[in-house]
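File shown here: run-v3.txt, holding compact mmCIF, C-alpha atoms.
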```txt
# COMPACT_ATOMS: atom_id res chain seq x y z
CA MET A 1 0.00 0.00 0.00
CA LEU A 2 1.03 3.64 -0.45
CA VAL A 3 1.69 6.22 2.26
CA LYS A 4 2.22 9.84 1.23
CA ASN A 5 5.34 11.47 2.66
CA GLY A 6 5.45 15.05 1.37
CA ALA A 7 5.74 14.94 -2.39
CA LYS A 8 6.80 11.31 -2.46
CA ALA A 9 4.73 8.20 -2.05
CA GLU A 10 6.42 5.39 -0.19
CA ARG A 11 5.29 1.82 -0.79
CA ILE A 12 5.03 -0.26 2.38
CA ASP A 13 5.15 -3.99 1.83
CA PRO A 14 3.09 -5.84 4.46
CA ASP A 15 5.21 -8.94 3.89
CA ALA A 16 8.50 -7.14 4.46
CA SER A 17 8.70 -8.07 8.13
CA ASP A 18 8.10 -11.73 7.27
CA ARG A 19 10.87 -11.68 4.71
CA SER A 20 13.14 -9.93 7.20
CA ALA A 21 12.48 -12.64 9.76
CA SER A 22 13.13 -15.25 7.11
CA LYS A 23 16.40 -13.56 6.25
CA GLU A 24 17.44 -13.56 9.90
CA SER A 25 16.66 -17.24 10.21
CA SER A 26 19.01 -17.94 7.35
CA ALA A 27 21.82 -15.96 8.91
CA PRO A 28 25.17 -17.61 9.49
CA GLY A 29 24.61 -20.45 11.88
CA ALA A 30 21.11 -21.28 10.75
CA SER A 31 22.30 -22.87 7.54
CA ASP A 32 24.40 -25.44 9.38
CA GLY A 33 21.88 -26.02 12.16
CA ARG A 34 23.80 -23.92 14.65
CA SER A 35 21.70 -21.90 17.08
CA ARG A 36 22.14 -18.13 17.07
CA ASN A 37 22.09 -18.25 20.88
CA THR A 38 24.01 -20.52 23.23
CA VAL A 39 21.68 -23.33 24.40
CA TYR A 40 23.17 -24.06 27.81
CA GLY A 41 20.63 -26.73 28.76
CA VAL A 42 21.64 -28.91 25.83
CA LEU A 43 25.34 -28.21 26.40
CA PHE A 44 25.19 -29.30 30.03
CA ALA A 45 23.13 -32.38 29.12
CA ILE A 46 25.59 -33.53 26.44
CA SER A 47 28.47 -32.79 28.84
CA LEU A 48 26.78 -34.99 31.46
CA VAL A 49 26.49 -37.85 28.98
CA HIS A 50 30.12 -37.27 27.99
CA LEU A 51 30.99 -37.72 31.68
CA PHE A 52 29.01 -41.00 31.74
CA ASN A 53 30.64 -42.22 28.52
CA ASP A 54 34.22 -41.44 29.47
CA SER A 55 33.85 -42.62 33.07
CA MET A 56 32.84 -46.01 31.66
CA GLN A 57 35.67 -45.85 29.18
CA SER A 58 38.00 -45.05 32.09
CA VAL A 59 36.92 -48.32 33.69
CA ILE A 60 39.38 -50.04 31.33
CA PRO A 61 42.61 -48.44 32.66
CA ALA A 62 41.08 -48.49 36.17
CA ILE A 63 40.61 -52.25 36.11
CA MET A 64 44.07 -53.01 34.67
CA PRO A 65 45.84 -53.53 38.04
CA ILE A 66 43.08 -55.96 39.02
CA LEU A 67 43.29 -57.85 35.73
CA GLN A 68 47.08 -58.00 35.98
CA ASP A 69 46.80 -59.80 39.33
CA SER A 70 43.76 -61.98 38.65
CA MET A 71 44.74 -63.09 35.10
CA GLN A 72 48.53 -62.81 35.52
CA LEU A 73 48.91 -60.38 32.61
CA SER A 74 52.13 -58.74 31.46
CA TYR A 75 52.46 -55.01 30.76
CA GLY A 76 52.39 -55.90 27.07
CA GLN A 77 49.03 -57.66 27.44
CA LEU A 78 47.67 -54.67 29.34
CA GLY A 79 48.87 -52.53 26.44
CA TRP A 80 46.85 -54.67 24.01
CA ILE A 81 43.72 -54.02 26.10
CA LEU A 82 44.28 -50.26 25.82
CA PHE A 83 45.02 -50.64 22.14
CA ALA A 84 41.78 -52.60 21.54
CA ILE A 85 39.48 -49.97 23.01
CA ASN A 86 41.30 -46.88 21.78
CA PHE A 87 42.08 -48.13 18.31
CA THR A 88 38.46 -49.22 17.81
CA ALA A 89 37.31 -45.74 18.78
CA SER A 90 40.03 -44.15 16.64
CA ILE A 91 39.22 -46.03 13.43
CA MET A 92 35.45 -45.61 13.65
CA GLN A 93 35.19 -42.00 14.83
CA PRO A 94 36.15 -40.24 11.58
CA VAL A 95 34.10 -42.78 9.57
CA ILE A 96 30.99 -42.13 11.65
CA GLY A 97 31.72 -38.38 11.61
CA LEU A 98 31.94 -38.35 7.81
CA PHE A 99 28.68 -40.29 7.55
CA ALA A 100 26.95 -37.91 9.99
CA ASP A 101 28.16 -34.86 8.04
CA LYS A 102 26.27 -36.18 5.02
CA ARG A 103 23.35 -37.64 6.94
CA PRO A 104 23.03 -36.45 10.58
CA THR A 105 21.48 -39.25 12.65
CA PRO A 106 20.22 -38.31 16.14
CA ALA A 107 19.44 -42.00 16.89
CA LEU A 108 23.20 -42.68 16.97
CA LEU A 109 23.41 -41.03 20.39
CA PRO A 110 21.30 -43.54 22.38
CA MET A 111 22.61 -46.39 20.21
CA ALA A 112 26.17 -45.47 21.18
CA MET A 113 25.36 -45.67 24.87
CA ALA A 114 23.63 -49.03 24.33
CA SER A 115 26.89 -50.40 22.88
CA THR A 116 28.79 -49.14 25.92
CA LEU A 117 26.23 -50.80 28.22
CA THR A 118 26.81 -54.09 26.40
CA GLY A 119 30.56 -53.73 26.87
CA MET A 120 30.22 -53.11 30.60
CA LEU A 121 28.01 -56.17 31.00
CA LEU A 122 30.46 -58.37 29.09
CA LEU A 123 33.42 -57.00 31.07
CA ALA A 124 31.81 -57.85 34.41
CA TYR A 125 31.43 -61.51 33.36
CA ALA A 126 34.50 -61.90 31.08
CA PRO A 127 36.00 -65.31 31.97
CA ASN A 128 39.39 -64.76 30.33
CA TYR A 129 41.69 -62.37 28.48
CA ALA A 130 39.89 -62.83 25.13
CA GLY A 131 36.57 -62.02 26.81
CA VAL A 132 38.04 -58.78 28.15
CA ILE A 133 39.23 -57.80 24.64
CA ILE A 134 35.74 -58.39 23.19
CA ALA A 135 34.13 -56.36 25.97
CA VAL A 136 36.40 -53.35 25.52
CA ILE A 137 35.78 -53.37 21.75
CA PHE A 138 32.06 -52.83 22.44
CA VAL A 139 32.97 -49.92 24.74
CA GLY A 140 35.24 -48.52 22.02
CA LEU A 141 32.46 -48.73 19.41
CA GLY A 142 30.09 -46.88 21.73
CA SER A 143 32.66 -44.15 22.24
CA ALA A 144 33.32 -43.93 18.50
CA ALA A 145 29.63 -43.37 17.76
CA PHE A 146 29.12 -40.88 20.59
CA HIS A 147 31.99 -38.43 20.18
CA PRO A 148 31.43 -37.09 16.61
CA GLU A 149 27.69 -36.67 17.14
CA GLY A 150 28.19 -35.28 20.64
CA SER A 151 30.64 -32.73 19.24
CA ARG A 152 28.10 -31.85 16.53
CA VAL A 153 25.41 -31.25 19.17
CA SER A 154 27.85 -29.03 21.06
CA HIS A 155 28.57 -27.09 17.84
CA MET A 156 24.86 -26.67 17.10
CA ALA A 157 24.11 -25.44 20.63
CA ALA A 158 27.16 -23.17 20.81
CA GLY A 159 25.78 -20.00 19.24
CA PRO A 160 28.63 -17.46 19.09
CA ARG A 161 30.62 -19.03 21.98
CA ARG A 162 32.22 -22.01 20.29
CA GLY A 163 35.26 -22.23 22.57
CA LEU A 164 33.11 -22.18 25.71
CA ALA A 165 30.65 -24.69 24.26
CA GLN A 166 33.38 -27.14 23.31
CA SER A 167 34.91 -26.72 26.78
CA ILE A 168 31.58 -27.52 28.47
CA PHE A 169 31.29 -30.63 26.28
CA GLN A 170 34.88 -31.78 26.76
CA VAL A 171 35.08 -31.08 30.49
CA GLY A 172 32.45 -33.76 31.03
CA GLY A 173 34.65 -36.28 29.24
CA ASN A 174 37.84 -35.29 31.04
CA ALA A 175 36.02 -35.32 34.38
CA GLY A 176 34.84 -38.84 33.56
CA GLN A 177 38.39 -39.91 32.69
CA SER A 178 39.66 -38.44 35.96
CA LEU A 179 37.45 -40.87 37.86
CA ALA A 180 39.53 -43.88 36.72
CA PRO A 181 41.93 -43.90 39.72
CA LEU A 182 39.05 -43.41 42.16
CA LEU A 183 37.17 -46.27 40.52
CA THR A 184 40.20 -48.49 41.05
CA ARG A 185 40.48 -47.51 44.70
CA MET A 186 36.78 -47.53 45.63
CA ILE A 187 35.25 -50.20 43.38
CA PHE A 188 37.69 -52.56 41.70
CA ILE A 189 40.12 -53.17 44.57
CA PRO A 190 37.31 -54.25 46.95
CA LEU A 191 34.94 -55.82 44.36
CA GLY A 192 37.29 -57.01 41.63
CA GLN A 193 36.34 -57.35 37.98
CA PHE A 194 32.63 -57.85 38.74
CA GLY A 195 32.49 -54.22 39.92
CA ALA A 196 32.00 -53.27 36.26
CA ILE A 197 28.36 -54.40 36.59
CA TRP A 198 27.53 -51.18 38.44
CA PHE A 199 28.24 -49.15 35.32
CA THR A 200 25.42 -50.78 33.37
CA GLY A 201 23.03 -48.65 35.45
CA LEU A 202 25.02 -45.54 34.56
CA ALA A 203 24.80 -46.50 30.89
CA ALA A 204 21.03 -46.97 31.15
CA LEU A 205 20.68 -43.48 32.64
CA GLY A 206 22.85 -42.16 29.82
CA ILE A 207 20.51 -43.71 27.24
CA VAL A 208 17.55 -41.84 28.78
CA VAL A 209 19.39 -38.49 28.64
CA GLN A 210 20.55 -39.22 25.10
CA ILE A 211 16.96 -39.76 23.96
CA PHE A 212 16.03 -36.24 25.10
CA ILE A 213 19.14 -34.76 23.44
CA ALA A 214 18.37 -36.67 20.22
CA ARG A 215 14.88 -35.15 20.13
CA TRP A 216 16.30 -31.61 20.39
CA TYR A 217 18.87 -32.52 17.77
CA GLY A 218 16.17 -33.77 15.40
CA ARG A 219 14.00 -30.68 15.87
CA THR A 220 16.98 -28.39 15.25
CA LEU A 221 17.85 -30.24 12.05
CA LYS A 222 14.29 -29.79 10.77
CA VAL A 223 14.37 -26.05 11.46
CA ALA A 224 17.76 -25.79 9.75
CA ALA A 225 16.43 -27.66 6.71
CA GLN A 226 13.48 -25.25 6.43
CA THR A 227 15.68 -22.13 6.63
CA LYS A 228 18.68 -23.46 4.74
CA LYS A 229 20.28 -21.09 2.29
CA THR A 230 22.54 -21.96 -0.58
CA VAL A 231 26.15 -20.98 -0.05
CA VAL A 232 28.33 -21.00 -3.14
CA LYS A 233 31.77 -22.28 -2.24
CA LYS A 234 34.74 -21.49 -4.37
CA ALA A 235 37.37 -24.07 -5.21
CA MET A 236 40.06 -23.73 -2.58
CA ASP A 237 43.20 -22.04 -3.78
CA PRO A 238 45.93 -24.73 -4.13
CA ALA A 239 48.35 -22.60 -2.09
CA ILE A 240 45.83 -22.31 0.75
CA ARG A 241 45.03 -26.03 0.52
CA LYS A 242 48.71 -26.79 1.01
CA LYS A 243 48.90 -24.49 4.04
CA VAL A 244 45.80 -26.10 5.55
CA ALA A 245 47.36 -29.55 5.09
CA SER A 246 50.59 -28.41 6.75
CA ALA A 247 48.69 -26.87 9.67
CA MET A 248 46.63 -30.04 10.12
CA THR A 249 49.83 -32.11 10.18
CA VAL A 250 51.26 -29.95 12.98
CA LEU A 251 47.96 -30.13 14.89
CA LEU A 252 47.83 -33.92 14.63
CA LEU A 253 51.45 -34.14 15.84
CA PHE A 254 50.39 -32.02 18.81
CA VAL A 255 47.49 -34.41 19.53
CA PHE A 256 49.87 -37.37 19.22
CA VAL A 257 52.32 -35.93 21.77
CA ARG A 258 49.59 -35.01 24.23
CA SER A 259 47.87 -38.39 23.93
CA TRP A 260 51.03 -40.40 24.55
CA TYR A 261 51.90 -38.37 27.63
CA VAL A 262 48.37 -38.52 29.07
CA THR A 263 48.30 -42.29 28.48
CA SER A 264 51.66 -42.76 30.18
CA VAL A 265 50.40 -41.05 33.34
CA GLY A 266 46.78 -42.21 33.29
CA SER A 267 47.53 -45.88 32.62
CA TYR A 268 50.99 -46.62 34.00
CA TYR A 269 51.98 -43.98 36.56
CA ALA A 270 50.47 -45.97 39.43
CA PHE A 271 52.95 -48.76 38.64
CA TYR A 272 55.79 -46.19 38.57
CA LEU A 273 54.83 -44.90 42.02
CA ARG A 274 54.64 -48.46 43.31
CA ASP A 275 58.10 -49.37 42.00
CA VAL A 276 59.95 -46.10 42.72
CA PHE A 277 58.29 -44.80 45.91
CA ALA A 278 56.87 -48.09 47.30
CA VAL A 279 53.36 -46.57 47.23
CA SER A 280 50.47 -49.05 47.21
CA ILE A 281 48.36 -49.27 44.06
CA ALA A 282 45.38 -47.94 46.05
CA ASP A 283 47.28 -44.86 47.28
CA ALA A 284 48.93 -44.30 43.90
CA GLN A 285 45.48 -43.69 42.40
CA ILE A 286 45.24 -40.40 44.33
CA TYR A 287 48.24 -38.99 42.41
CA VAL A 288 46.82 -40.07 39.06
CA PHE A 289 43.49 -38.51 40.05
CA LEU A 290 45.24 -35.19 40.78
CA PHE A 291 46.63 -35.18 37.24
CA LEU A 292 43.34 -36.04 35.53
CA ALA A 293 41.10 -33.88 37.74
CA ALA A 294 43.34 -30.85 37.22
CA GLY A 295 43.19 -31.65 33.50
CA ALA A 296 39.38 -31.49 33.62
CA VAL A 297 39.59 -28.05 35.25
CA GLY A 298 42.09 -26.95 32.62
CA THR A 299 39.77 -28.18 29.87
CA PHE A 300 36.97 -25.98 31.18
CA PHE A 301 39.08 -22.82 31.32
CA GLY A 302 40.93 -23.45 28.06
CA GLY A 303 37.91 -22.85 25.79
CA PRO A 304 36.81 -19.45 27.16
CA LEU A 305 40.45 -18.35 27.26
CA ALA A 306 40.82 -19.32 23.60
CA ASP A 307 37.73 -17.24 22.75
CA ARG A 308 39.57 -14.23 24.21
CA ILE A 309 43.22 -14.62 23.22
CA GLY A 310 43.04 -17.02 20.27
CA LYS A 311 43.02 -20.76 19.87
CA ARG A 312 46.52 -21.06 18.41
CA ASN A 313 47.89 -19.11 21.38
CA VAL A 314 46.28 -21.48 23.89
CA LEU A 315 47.63 -24.56 22.05
CA PHE A 316 51.15 -23.13 22.04
CA GLY A 317 50.93 -21.78 25.59
CA SER A 318 49.78 -25.10 27.05
CA MET A 319 52.92 -26.83 25.83
CA ILE A 320 55.26 -23.98 26.80
CA VAL A 321 53.98 -24.24 30.37
CA ALA A 322 53.81 -28.05 30.53
CA ALA A 323 57.20 -28.95 29.00
CA PRO A 324 59.51 -27.76 31.82
CA LEU A 325 57.18 -29.28 34.43
CA THR A 326 57.22 -32.71 32.79
CA LEU A 327 61.04 -32.58 32.57
CA ALA A 328 61.22 -31.87 36.31
CA LEU A 329 58.73 -34.58 37.32
CA PRO A 330 61.11 -37.61 37.31
CA TYR A 331 63.42 -35.83 39.77
CA ALA A 332 60.72 -34.74 42.25
CA ASP A 333 60.08 -36.28 45.66
CA LEU A 334 56.66 -37.69 46.49
CA THR A 335 55.19 -34.38 47.72
CA TRP A 336 56.36 -32.42 44.68
CA THR A 337 55.22 -35.26 42.43
CA GLY A 338 51.62 -34.58 43.46
CA ILE A 339 52.01 -30.83 42.93
CA LEU A 340 53.68 -31.19 39.55
CA LEU A 341 51.14 -33.75 38.32
CA ALA A 342 48.31 -31.32 39.07
CA LEU A 343 50.06 -28.42 37.31
CA ILE A 344 50.96 -30.56 34.29
CA GLY A 345 47.42 -31.90 33.99
CA PHE A 346 45.94 -28.39 34.08
CA ALA A 347 48.36 -26.98 31.50
CA LEU A 348 48.42 -29.93 29.14
CA LEU A 349 44.67 -30.58 28.97
CA SER A 350 43.68 -26.91 28.79
CA SER A 351 44.21 -27.42 25.06
CA PHE A 352 41.90 -30.44 24.71
CA SER A 353 38.71 -28.71 23.58
CA VAL A 354 40.66 -25.97 21.82
CA SER A 355 42.35 -28.45 19.47
CA VAL A 356 38.93 -29.68 18.29
CA VAL A 357 37.61 -26.14 17.62
CA TYR A 358 40.86 -25.19 15.87
CA ALA A 359 40.51 -28.21 13.57
CA GLN A 360 36.91 -27.21 12.80
CA MET A 361 38.20 -23.77 11.81
CA LEU A 362 40.85 -25.34 9.60
CA ILE A 363 38.25 -27.37 7.70
CA PRO A 364 34.88 -25.58 8.14
CA GLY A 365 31.67 -27.36 7.27
CA ARG A 366 32.96 -30.81 8.27
CA VAL A 367 32.14 -30.77 11.98
CA GLY A 368 31.57 -34.50 12.41
CA ALA A 369 34.48 -35.73 10.31
CA VAL A 370 36.98 -33.23 11.74
CA SER A 371 35.87 -33.79 15.34
CA GLY A 372 36.01 -37.53 14.76
CA LEU A 373 39.48 -37.24 13.26
CA VAL A 374 40.94 -35.19 16.13
CA THR A 375 39.29 -36.99 19.06
CA GLY A 376 39.61 -40.31 17.25
CA LEU A 377 43.31 -39.72 16.74
CA ALA A 378 43.61 -38.86 20.44
CA PHE A 379 42.08 -42.23 21.32
CA GLY A 380 44.05 -44.08 18.64
CA MET A 381 47.37 -42.55 19.62
CA GLY A 382 46.56 -43.19 23.26
CA GLY A 383 45.91 -46.84 22.44
CA LEU A 384 49.06 -47.13 20.35
CA GLY A 385 51.02 -45.40 23.10
CA GLY A 386 49.62 -47.80 25.67
CA LEU A 387 50.67 -50.77 23.53
CA VAL A 388 54.18 -49.49 22.75
CA LEU A 389 54.89 -48.23 26.26
CA GLY A 390 53.53 -51.39 27.89
CA ASN A 391 55.72 -53.68 25.80
CA TRP A 392 58.72 -51.42 26.35
CA MET A 393 58.16 -51.53 30.12
CA ASP A 394 58.39 -55.32 30.03
CA VAL A 395 61.91 -54.93 28.62
CA ALA A 396 63.31 -51.69 30.10
CA GLY A 397 61.26 -51.17 33.25
CA VAL A 398 58.65 -48.59 34.20
CA ALA A 399 61.06 -45.91 35.41
CA THR A 400 63.03 -45.81 32.14
CA VAL A 401 59.90 -45.45 30.03
CA MET A 402 58.45 -42.71 32.22
CA GLN A 403 61.76 -40.82 31.95
CA PHE A 404 61.45 -40.95 28.15
CA CYS A 405 57.84 -39.71 28.26
CA SER A 406 58.90 -36.60 30.17
CA TYR A 407 60.51 -35.28 26.95
CA LEU A 408 57.41 -35.69 24.77
CA PRO A 409 55.82 -32.26 25.46
CA LEU A 410 58.94 -30.58 24.06
CA LEU A 411 57.69 -31.58 20.60
CA GLY A 412 54.47 -29.69 21.28
CA VAL A 413 56.22 -26.32 21.02
CA LEU A 414 56.04 -26.82 17.24
CA THR A 415 52.50 -25.44 17.56
CA PHE A 416 54.03 -21.95 17.15
CA LEU A 417 54.08 -22.89 13.43
CA LEU A 418 50.27 -22.99 13.33
CA PRO A 419 48.52 -20.09 11.54
CA SER A 420 46.67 -17.56 13.66
CA ASP A 421 42.90 -17.58 14.13
CA ALA A 422 42.54 -14.48 11.96
CA LYS A 423 44.36 -16.20 9.12
CA LEU A 424 42.08 -19.25 9.38
CA ASN A 425 39.01 -17.01 9.19
CA GLY A 426 40.46 -15.31 6.13
CA TRP A 427 41.04 -18.65 4.38
CA ALA A 428 37.48 -19.76 5.13
CA LYS A 429 35.98 -16.52 3.76
CA GLU A 430 38.02 -16.84 0.58
CA ASN A 431 36.48 -20.29 0.18
CA GLY A 432 32.95 -19.02 0.88
CA ALA A 433 32.56 -21.08 4.07
CA GLU A 434 31.01 -20.20 7.42
CA VAL A 435 33.45 -20.38 10.33
```
Please express what this file holds, its structure, as structure tokens.
Amino acid sequence: MLVKNGAKAERIDPDASDRSASKESSAPGASDGRSRNTVYGVLFAISLVHLFNDSMQSVIPAIMPILQDSMQLSYGQLGWILFAINFTASIMQPVIGLFADKRPTPALLPMAMASTLTGMLLLAYAPNYAGVIIAVIFVGLGSAAFHPEGSRVSHMAAGPRRGLAQSIFQVGGNAGQSLAPLLTRMIFIPLGQFGAIWFTGLAALGIVVQIFIARWYGRTLKVAAQTKKTVVKKAMDPAIRKKVASAMTVLLLFVFVRSWYVTSVGSYYAFYLRDVFAVSIADAQIYVFLFLAAGAVGTFFGGPLADRIGKRNVLFGSMIVAAPLTLALPYADLTWTGILLALIGFALLSSFSVSVVYAQMLIPGRVGAVSGLVTGLAFGMGGLGGLVLGNWMDVAGVATVMQFCSYLPLLGVLTFLLPSDAKLNGWAKENGAEV
């Protein structure tokens, strides 16, 4: 209709507000299903399930001292157990992530927890070493299915605060992993292998929470499909493609170094304390807990810090702080060992969530595949590290291997070669991608 304004007549379109709203709904974030606002309820729910998932996954290293005594296993055989669960998760995570990028499947979330429940049940009743291997493979498959889709849910619920959202998601997992030494002390030492049966109830609760998350996930996907806009992506410049590949190589080396060190402490440091300081396995779990619990705290603070000062800076800074501490650890007395373990855990794992978000910035639009690659590699390298270190300990002894591991974080300082966040954003815009 027309409204006279002096000498001019201005046409007012009654549908303009509707089109404006439609345009807003197709703003960056809507096209990939990401909420424009941070959905904290969903973030805390997926973090809680992450805690459930990783606490059950941490049952495996927690039960290793019990299995070593009851089944008379060598360090090498314990390493194969770690390899079975972590390598299963490593191989399947990027595959499931790539599938979910093309066809997001909310039902994968409760299905993943059902696989973990099956693994816990089999572990409680495993009659021999082969039975334990089969059980941990089911746990690994559950973890492989959960992590890429869980990271996608975190990305969708993040709004503008991607670092914080990924930290909330990852802190649940690291908190769950930190429970491993307490599980050994409180459950598996008094109850033995059958103590794993208690975690089937935790898995059942996780399935219930996952069903509610999957419903939100499905509704969000439908809204995104209705408001989806077409984004024309340019072919990536070959020079930029080469730089992205180089940066991803450095990032994966960083993940490799961190995973091997975390595995050395989380899985074998109790044996080191037993052999070097004559600490009982039960008491040694307290020191491992300090490392992992401080790591969970570091994970939470790392994401918001990265939102402020840059993700590359947090990755580099975590290794600069951790490296001298890890070098000092083998020469510390028992009191300083506890202090240093806590400081190392905080510094080293402050980069955990940040490395995932940085990888998503490197390759935008592939949330599931990239998250699966980075977290899957962390599991895979952790499993490979457990296997290699365990077999080496059988030959050289625990103390020698732990001395070697203290040098690993020095390699992490190569993260200063990574491109800055601003440069990553510039590459993505040149390619027509949302970041």
With only C-alpha atoms as the basis for distance, which of A:Gly131, A:Gly266, A:Pro409, A:Gly140 is at the shortest distance from Leu182 in chain A?
-> A:Gly266
Could you build a table of the residues in range 163-238 of chain A lying no more than 10 Å from range 291-315 of chain A, giving for each the nearest pair of atoms and their separation in Å rounded to one decimal place, using all atoms listed in the file, ordered by chain and ascending residue number, as JSON lines?
```
{"residue": "A:Gly163", "atom": "CA", "partner": "A:Gly303", "partner_atom": "CA", "distance": 4.2}
{"residue": "A:Leu164", "atom": "CA", "partner": "A:Pro304", "partner_atom": "CA", "distance": 4.8}
{"residue": "A:Ala165", "atom": "CA", "partner": "A:Gly303", "partner_atom": "CA", "distance": 7.6}
{"residue": "A:Gln166", "atom": "CA", "partner": "A:Gly303", "partner_atom": "CA", "distance": 6.7}
{"residue": "A:Ser167", "atom": "CA", "partner": "A:Phe300", "partner_atom": "CA", "distance": 4.9}
{"residue": "A:Ile168", "atom": "CA", "partner": "A:Phe300", "partner_atom": "CA", "distance": 6.2}
{"residue": "A:Phe169", "atom": "CA", "partner": "A:Phe300", "partner_atom": "CA", "distance": 8.8}
{"residue": "A:Gln170", "atom": "CA", "partner": "A:Thr299", "partner_atom": "CA", "distance": 6.8}
{"residue": "A:Val171", "atom": "CA", "partner": "A:Ala296", "partner_atom": "CA", "distance": 5.3}
{"residue": "A:Gly172", "atom": "CA", "partner": "A:Ala296", "partner_atom": "CA", "distance": 7.7}
{"residue": "A:Gly173", "atom": "CA", "partner": "A:Ala296", "partner_atom": "CA", "distance": 8.0}
{"residue": "A:Asn174", "atom": "CA", "partner": "A:Ala296", "partner_atom": "CA", "distance": 4.8}
{"residue": "A:Ala175", "atom": "CA", "partner": "A:Ala296", "partner_atom": "CA", "distance": 5.2}
{"residue": "A:Gly176", "atom": "CA", "partner": "A:Ala296", "partner_atom": "CA", "distance": 8.6}
{"residue": "A:Gln177", "atom": "CA", "partner": "A:Leu292", "partner_atom": "CA", "distance": 6.9}
{"residue": "A:Ser178", "atom": "CA", "partner": "A:Leu292", "partner_atom": "CA", "distance": 4.4}
{"residue": "A:Leu179", "atom": "CA", "partner": "A:Ala293", "partner_atom": "CA", "distance": 7.9}
{"residue": "A:Ala180", "atom": "CA", "partner": "A:Leu292", "partner_atom": "CA", "distance": 8.8}
{"residue": "A:Pro181", "atom": "CA", "partner": "A:Leu292", "partner_atom": "CA", "distance": 9.0}
```
At most 7 Å is the cut-off: for each residue in range 64-166 of chain A with any atom that close to an atom of range 387-398 of chain A, write down the nearest atom pair and the distance in Å rounded to one decimal, counting all atoms listed in the file, chain first then increasing number, as a tab-separated table.
```
residue	atom	partner	partner_atom	distance
A:Tyr75	CA	A:Gly390	CA	4.7
A:Gly76	CA	A:Asn391	CA	4.2
A:Leu78	CA	A:Gly390	CA	6.9
A:Gly79	CA	A:Leu387	CA	3.8
A:Trp80	CA	A:Leu387	CA	5.5
A:Leu82	CA	A:Leu387	CA	6.8
A:Phe83	CA	A:Leu387	CA	5.8
```
Taking 4 positions as the minimum chain separation for residues in the same chain, which residues sit within 9 Å of Val356 in chain A when counting all atoms listed in the file? Answer as a PDB file with C-alpha atoms, in the frame of the given file.
```
ATOM      1  CA  SER A 151      30.640 -32.730  19.240  1.00  0.00           C
ATOM      2  CA  GLN A 166      33.380 -27.140  23.310  1.00  0.00           C
ATOM      3  CA  SER A 351      44.210 -27.420  25.060  1.00  0.00           C
ATOM      4  CA  PHE A 352      41.900 -30.440  24.710  1.00  0.00           C
ATOM      5  CA  GLN A 360      36.910 -27.210  12.800  1.00  0.00           C
ATOM      6  CA  MET A 361      38.200 -23.770  11.810  1.00  0.00           C
ATOM      7  CA  VAL A 370      36.980 -33.230  11.740  1.00  0.00           C
ATOM      8  CA  SER A 371      35.870 -33.790  15.340  1.00  0.00           C
ATOM      9  CA  VAL A 374      40.940 -35.190  16.130  1.00  0.00           C
ATOM     10  CA  THR A 375      39.290 -36.990  19.060  1.00  0.00           C
TER      11      THR A 375
END
```
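What separates CA of Gln72 in chain A from CA of Ile91 in chain A is a distance of 29.3 Å.
Between CA of Phe271 in chain A and CA of Arg258 in chain A the interatomic distance comes to 20.2 Å.
For the pair CA of Leu121 in chain A and CA of Asp69 in chain A, the separation is 20.9 Å.
Proximity to Leu417 in chain A at 10 Å, evaluated using only C-alpha atoms and with sequence-adjacent residues fewer than 4 positions away removed, yields Ser246, Ala247, Val250, Leu251, Arg312, Phe316 and Val413 of chain A.
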Nearest candidate to Thr88 in chain A (options A:Val262, A:Ile63, A:Ile134, A:Met120; using only C-alpha atoms) = A:Ile134
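Distance annotation: of A:Leu408, A:Leu343, A:Ser350, A:Met64, the residue with the minimal separation from Ala270 in chain A is A:Met64; atom set is all atoms listed in the file.
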Looking at A:Arg152, A:Lys102, A:Lys243, A:Arg274, which one is nearest to Ala214 in chain A, with distances taken over all atoms listed in the file?
-> A:Arg152
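Among the candidates A:Leu48, A:Ile85, A:Ile281, A:Ile320, the residue lying nearest to Thr116 in chain A is A:Ile85 (atoms considered: all atoms listed in the file).
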Fewer than 6 positions away in the same chain doesn't count, so skip those; otherwise give me all residues within 10 Å of Leu325 in chain A, counting only C-alpha atoms, as a PyMOL selection string.
-> chain A and resi 319+340-341+343-344+347+406+409
Using all atoms listed in the file, determine which residues lie at most 8 Å from Val49 in chain A, disregarding the query and same-chain residues fewer than 3 positions distant; provide the list as a PyMOL selection string.
-> chain A and resi 45-46+52-53+172+206+209-210
Any chance you can output those residues with C-alpha atoms as a PDB file, in the coordinates of the input?
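File produced: result-v3.pdb:
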```pdb
ATOM      1  CA  ALA A  45      23.130 -32.380  29.120  1.00  0.00           C
ATOM      2  CA  ILE A  46      25.590 -33.530  26.440  1.00  0.00           C
ATOM      3  CA  PHE A  52      29.010 -41.000  31.740  1.00  0.00           C
ATOM      4  CA  ASN A  53      30.640 -42.220  28.520  1.00  0.00           C
ATOM      5  CA  GLY A 172      32.450 -33.760  31.030  1.00  0.00           C
ATOM      6  CA  GLY A 206      22.850 -42.160  29.820  1.00  0.00           C
ATOM      7  CA  VAL A 209      19.390 -38.490  28.640  1.00  0.00           C
ATOM      8  CA  GLN A 210      20.550 -39.220  25.100  1.00  0.00           C
TER       9      GLN A 210
END
```
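In this comparison, which uses only C-alpha atoms, the residue of A:Tyr261, A:Phe194, A:Phe146, A:Tyr272 approaching Ile207 in chain A most closely is A:Phe146.
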